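Asker: Dumping the structure here so I can ask a few things about it.
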Amino acid sequence: MGKFDILDEVFERSLKSTHIFRNREVLRHDYIPERLPHREEQIRHLGGVASPVLRGSRCSNIFIYGKTGTGKTAVVKYVLNRLAYKSCELGAPVKVCYVNCRLVRTEYRILSSLCDALNIKIPFTGLAVGEVFERFKSGLDTQKLLFISVLDEIDELIKMRGDSLLYELTRMNEALQYSKISIAGISNDLRFKEFLGPRVLSSLSEEEMVFRSYNASELKDILLERAMIAFNDEVLSDGAVSLCAALAAAEHGDARRALDLLRVAGELTEREGTKNIEEKHVREAEKRIEYDRITEVLWNLPLHSKLTLFSVYILGKAKLNSAITGDIYEIYCEICEQLEIKPLTQRRVSGLINELDVIGLLNTRVVSLGRYGRTKKIRLGITRSFIRKVFIADDRLGHLISHTPQCLVRISRGKN
DNA sequence: TGTCCACTGGAACGTACGGCTT
DNA sequence: AAGCCGTACGTTCCAGTGGACA
């Protein structure tokens with residue numbers, strides 16, 4: 001019975017403490033609001049580009065780019081939702097499919113998502129990509145539709161797999177008799193066009209739209225708009241909103257970031273039991289978001305990446321300002337031995353180091369030490385206390401954190 | 001001036017897995 | 001059951017390299 005009393009208390013407190021939020025959902029990034037401030041022009045433009053489908057003709061392919069959190073996805077979803085609704089009203093044969101290429105990473109699965117939108121069943125794996133493509137094509141043609149496929153974060157697809165799928169999609173209309181397909185590509189990366197072949201580029205950019213970043217005052221408008229729905233009256237201080245906007249604007253005008261700051265600040269205020277979201281909560285939120293982000297990444301790292309990162313940490317104990325690949329590999333091997341794990345090859349570990357560099361956990365730089373070879377200088381990209389805090393909670397690595405490997409002594413002696 | 005270190009990073013290939021088609 | 005297929009993760013091999021040092 002005692003257990004339930006404790007929980008009752010927690011639940012009660014949680015129920016009572018709803019005085020901050022009215023509707024938390026509104027602050028999530030995937031929420032599409034009724035109004036999108038400072039994007040009226042883009043909405044009008046995209047609406048104009050897409051509208052021919054309502055009259056039964058194919059709309060132009062469109063290429064949309066702008067940095068993260070500039071409202072690209074929101075505008076596209078907003079416009080196409082309305083378009084789908086309108087086409088239902090008019091009985092126009094229009095279908096829209098949204099695919100995020102960062103989440104759906106392979107050509108196979110992208111095609112299978114497109115098929116899904118047409119109710120064509122495709123097995124999870126097992127078919128040749130060409131086969132899936134054929135099924136999509138013939139399925140689309142029999143359904144006699146104007147199909148708009150939105151490929152969000154398309155730069156991820158191109159960088160990983162090249163532009164062949166995009167090429168096939170853009171020239172698919174030639175083979176379609178009763179249906180037509182249009183493509184809307186959304187990219188976060190402004191330089192992404194360089195990766196496209198000329199044929200794909202010209203075909204995809206029949207229309208183009210650029211979403212520039214929001215400035216602080218625009219971000220503030222966006223936040224206020226959402227805050228009206230998200231929070232109860234009189235909860236949010238003007239200073240807190242301005243600070244969220246300013247911090248996000250300083251980064252690169254990312255509305256997502258601004259909304260995150262506001263939401264977390266609200267949650268912190270709620271947990272603290274106070275009534276107003278102040279600037280200090282926003283500052284606290286900024287720290288919290290960063291902390292959570294890194295902790296999550298560290299926690300989910302594959303074993304050998306963890307061991308590699310851990311080796312860099314251990315090497316840092318010797319107070320060398322930066323380590324080189326060979327030293328790290330030596331320590332890595334010793335740690336593997338202690339944990340009775342078979343070590344990977346140095347080539348592979350070198351690759352893992354590069355991956356850790358990309359996600360910002362390590363900083364690396366290729367240097368030539370002349371007579372002493374060419375290698376990488378490697379430093380931690382995050383604070384030591386961070387690694388310590390996370391790894392000490394790891395049941396396999398925790399007890400090694402204060403242990404000094406034998407080879408470390410030799411390495412540091414060699415350097416001094 | 002040439003040598004040679006300690007790697008880097010590309011490429012091809014191997015293995016395991018899940019899951020379809022035939 | 002055998003044959004494919006895509007994906008993830010590794011290994012093996014090796015040409016290439018910037019610059020300190022003899």
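Residues in the structure tokens are named by chain (A, B, ... in the order shown) and by number from 1 within that chain; ligands are numbered from 1 in the order shown.
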Sorted by chain and rising residue number, list the residues of chain B at most 12 Å from chain A (counting only C-alpha atoms (C1' of nucleotides)), each with its closest atom pair and distance in Å to one decimal, as JSON lines.

Answerer:
{"residue": "B:DT3", "atom": "C1'", "partner": "A:Arg371", "partner_atom": "CA", "distance": 9.3}
{"residue": "B:DC4", "atom": "C1'", "partner": "A:Arg371", "partner_atom": "CA", "distance": 7.0}
{"residue": "B:DC5", "atom": "C1'", "partner": "A:Gly373", "partner_atom": "CA", "distance": 4.0}
{"residue": "B:DA6", "atom": "C1'", "partner": "A:Gly373", "partner_atom": "CA", "distance": 4.2}
{"residue": "B:DC7", "atom": "C1'", "partner": "A:Thr375", "partner_atom": "CA", "distance": 4.7}
{"residue": "B:DT8", "atom": "C1'", "partner": "A:Thr375", "partner_atom": "CA", "distance": 7.0}
{"residue": "B:DG9", "atom": "C1'", "partner": "A:Gly351", "partner_atom": "CA", "distance": 8.9}
{"residue": "B:DG10", "atom": "C1'", "partner": "A:Arg347", "partner_atom": "CA", "distance": 11.8}
{"residue": "B:DC17", "atom": "C1'", "partner": "A:Thr125", "partner_atom": "CA", "distance": 11.7}
{"residue": "B:DG18", "atom": "C1'", "partner": "A:Thr125", "partner_atom": "CA", "distance": 8.0}
{"residue": "B:DG19", "atom": "C1'", "partner": "A:Thr125", "partner_atom": "CA", "distance": 6.0}
{"residue": "B:DC20", "atom": "C1'", "partner": "A:Gly126", "partner_atom": "CA", "distance": 4.2}
{"residue": "B:DT21", "atom": "C1'", "partner": "A:Gly126", "partner_atom": "CA", "distance": 7.8}

Asker: I need the chain C residues near chain A as a list in words; criterion: at most 6 Å, counting only C-alpha atoms (C1' of nucleotides).

Answerer: DC5, DG18, DG19 and DA20 of chain C

Asker: Within range 249-383 of chain A, find each residue whose DSSP state, derived from the backbone, is strand (DSSP E or B), and express the selection as a ChimeraX atom specification.

Answerer: /A:277,323-324,362-368,374-380

Asker: Would you output that residue set with N, CA, C and O atoms, as a PDB file, in the first residue's frame?

Answerer:
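Dumped to result_3.pdb:
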ATOM      1  N   ILE A 277       7.793  32.327 -15.638  1.00  0.00           N
ATOM      2  CA  ILE A 277       8.995  31.949 -16.381  1.00  0.00           C
ATOM      3  C   ILE A 277       9.858  33.199 -16.544  1.00  0.00           C
ATOM      4  O   ILE A 277       9.446  34.162 -17.187  1.00  0.00           O
ATOM      5  N   ALA A 323      46.471  14.024 -27.940  1.00  0.00           N
ATOM      6  CA  ALA A 323      46.952  12.668 -28.140  1.00  0.00           C
ATOM      7  C   ALA A 323      47.071  12.377 -29.626  1.00  0.00           C
ATOM      8  O   ALA A 323      46.504  13.085 -30.437  1.00  0.00           O
ATOM      9  N   ILE A 324      47.800  11.330 -29.971  1.00  0.00           N
ATOM     10  CA  ILE A 324      47.851  10.907 -31.361  1.00  0.00           C
ATOM     11  C   ILE A 324      47.266   9.495 -31.491  1.00  0.00           C
ATOM     12  O   ILE A 324      47.166   8.764 -30.496  1.00  0.00           O
ATOM     13  N   LEU A 362      34.977  14.616 -30.302  1.00  0.00           N
ATOM     14  CA  LEU A 362      36.437  14.772 -30.381  1.00  0.00           C
ATOM     15  C   LEU A 362      36.754  15.890 -31.361  1.00  0.00           C
ATOM     16  O   LEU A 362      35.971  16.182 -32.255  1.00  0.00           O
ATOM     17  N   ASN A 363      37.904  16.501 -31.174  1.00  0.00           N
ATOM     18  CA  ASN A 363      38.431  17.419 -32.177  1.00  0.00           C
ATOM     19  C   ASN A 363      39.707  16.815 -32.723  1.00  0.00           C
ATOM     20  O   ASN A 363      40.596  16.466 -31.940  1.00  0.00           O
ATOM     21  N   THR A 364      39.798  16.687 -34.018  1.00  0.00           N
ATOM     22  CA  THR A 364      40.999  16.080 -34.573  1.00  0.00           C
ATOM     23  C   THR A 364      41.598  16.968 -35.664  1.00  0.00           C
ATOM     24  O   THR A 364      40.904  17.777 -36.273  1.00  0.00           O
ATOM     25  N   ARG A 365      42.869  16.761 -35.870  1.00  0.00           N
ATOM     26  CA  ARG A 365      43.572  17.541 -36.886  1.00  0.00           C
ATOM     27  C   ARG A 365      44.726  16.671 -37.389  1.00  0.00           C
ATOM     28  O   ARG A 365      45.470  16.110 -36.586  1.00  0.00           O
ATOM     29  N   VAL A 366      44.838  16.520 -38.693  1.00  0.00           N
ATOM     30  CA  VAL A 366      45.937  15.719 -39.245  1.00  0.00           C
ATOM     31  C   VAL A 366      47.193  16.565 -39.215  1.00  0.00           C
ATOM     32  O   VAL A 366      47.191  17.709 -39.664  1.00  0.00           O
ATOM     33  N   VAL A 367      48.245  16.009 -38.639  1.00  0.00           N
ATOM     34  CA  VAL A 367      49.505  16.749 -38.573  1.00  0.00           C
ATOM     35  C   VAL A 367      50.639  15.856 -39.035  1.00  0.00           C
ATOM     36  O   VAL A 367      50.551  14.638 -38.983  1.00  0.00           O
ATOM     37  N   SER A 368      51.698  16.477 -39.484  1.00  0.00           N
ATOM     38  CA  SER A 368      52.874  15.706 -39.813  1.00  0.00           C
ATOM     39  C   SER A 368      53.946  16.024 -38.794  1.00  0.00           C
ATOM     40  O   SER A 368      54.232  17.178 -38.532  1.00  0.00           O
ATOM     41  N   ARG A 374      53.191  10.772 -39.890  1.00  0.00           N
ATOM     42  CA  ARG A 374      52.016  11.603 -40.120  1.00  0.00           C
ATOM     43  C   ARG A 374      50.875  10.948 -39.364  1.00  0.00           C
ATOM     44  O   ARG A 374      50.640   9.762 -39.468  1.00  0.00           O
ATOM     45  N   THR A 375      50.163  11.729 -38.586  1.00  0.00           N
ATOM     46  CA  THR A 375      49.113  11.151 -37.749  1.00  0.00           C
ATOM     47  C   THR A 375      48.041  12.196 -37.461  1.00  0.00           C
ATOM     48  O   THR A 375      47.992  13.236 -38.110  1.00  0.00           O
ATOM     49  N   LYS A 376      47.208  11.886 -36.504  1.00  0.00           N
ATOM     50  CA  LYS A 376      46.150  12.824 -36.120  1.00  0.00           C
ATOM     51  C   LYS A 376      46.368  13.258 -34.694  1.00  0.00           C
ATOM     52  O   LYS A 376      46.623  12.431 -33.826  1.00  0.00           O
ATOM     53  N   LYS A 377      46.230  14.543 -34.453  1.00  0.00           N
ATOM     54  CA  LYS A 377      46.205  15.034 -33.077  1.00  0.00           C
ATOM     55  C   LYS A 377      44.756  15.067 -32.641  1.00  0.00           C
ATOM     56  O   LYS A 377      43.900  15.578 -33.358  1.00  0.00           O
ATOM     57  N   ILE A 378      44.500  14.521 -31.472  1.00  0.00           N
ATOM     58  CA  ILE A 378      43.123  14.336 -31.036  1.00  0.00           C
ATOM     59  C   ILE A 378      42.912  14.909 -29.638  1.00  0.00           C
ATOM     60  O   ILE A 378      43.681  14.621 -28.715  1.00  0.00           O
ATOM     61  N   ARG A 379      41.898  15.733 -29.518  1.00  0.00           N
ATOM     62  CA  ARG A 379      41.530  16.271 -28.204  1.00  0.00           C
ATOM     63  C   ARG A 379      40.062  15.974 -27.945  1.00  0.00           C
ATOM     64  O   ARG A 379      39.288  15.782 -28.877  1.00  0.00           O
ATOM     65  N   LEU A 380      39.664  16.000 -26.695  1.00  0.00           N
ATOM     66  CA  LEU A 380      38.249  15.849 -26.372  1.00  0.00           C
ATOM     67  C   LEU A 380      37.494  17.090 -26.837  1.00  0.00           C
ATOM     68  O   LEU A 380      37.988  18.208 -26.707  1.00  0.00           O
TER      69      LEU A 380
END

Asker: Report, in Å to a single decimal, how far apart CA of Phe386 in chain A and CA of Arg257 in chain A are.

Answerer: 22.3 Å

Asker: Using DSSP secondary structure from the backbone, list all helix (DSSP H, G or I) positions within range 111-320 of chain A, as JSON, numbers by chain.

Answerer: {"A": [111, 112, 113, 114, 115, 116, 117, 129, 130, 131, 132, 133, 134, 135, 136, 137, 138, 139, 140, 141, 142, 143, 154, 155, 156, 157, 158, 159, 160, 161, 164, 165, 166, 167, 168, 169, 170, 172, 173, 174, 175, 190, 191, 192, 193, 194, 195, 198, 199, 200, 201, 202, 203, 204, 216, 217, 218, 219, 220, 221, 222, 223, 224, 225, 226, 227, 228, 229, 230, 238, 239, 240, 241, 242, 243, 244, 245, 246, 247, 248, 249, 250, 251, 255, 256, 257, 258, 259, 260, 261, 262, 263, 264, 265, 266, 267, 268, 269, 270, 271, 272, 279, 280, 281, 282, 283, 284, 285, 286, 287, 288, 289, 290, 291, 292, 293, 294, 295, 296, 297, 298, 299, 303, 304, 305, 306, 307, 308, 309, 310, 311, 312, 313, 314, 315, 316]}

Asker: Record the distance separating CA of Gly69 in chain A and CA of Asp30 in chain A, expressed in Å with one decimal.

Answerer: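 Straight-line distance from CA of Gly69 in chain A to CA of Asp30 in chain A works out to 11.0 Å.
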
Asker: Compile the contact shell of DG14 in chain B as a PyMOL selection string: residues with an atom at most 12 Å away, counting only C-alpha atoms (C1' of nucleotides), same-chain residues fewer than 3 positions apart removed.

Answerer: chain C and resi 9-12

Asker: Can I get the selected residues back with C-alpha atoms (C1' of nucleotides), as a PDB file, in the first residue's frame?

Answerer:
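Output (selection-v9.pdb):
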ATOM      1  C1'  DC C   9      29.963  -3.342 -39.293  1.00  0.00           C
ATOM      2  C1'  DG C  10      34.610  -4.979 -39.808  1.00  0.00           C
ATOM      3  C1'  DT C  11      39.030  -6.523 -41.960  1.00  0.00           C
ATOM      4  C1'  DT C  12      42.796  -6.522 -45.233  1.00  0.00           C
TER       5       DT C  12
END

Asker: Need to verify the contact set: Arg39 in chain A, 9 Å, only C-alpha atoms (C1' of nucleotides), exclusion of same-chain residues closer than 5 positions in sequence. Can you return it as a PyMOL selection string?

Answerer: chain A and resi 44+71+75+211

Asker: Report as number ranges by chain all protein, DNA and RNA residues lying within 10 Å of Leu361 in chain A, evaluated on only C-alpha atoms (C1' of nucleotides), omitting residues in the same chain fewer than 4 positions from it.

Answerer: A: 294, 297-298, 309, 353, 355-357, 379-383, 387

Asker: Record the distance separating CA of Glu153 in chain A and CA of Ala255 in chain A, expressed in Å with one decimal.

Answerer: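 Separation of CA of Glu153 in chain A and CA of Ala255 in chain A: 16.8 Å.
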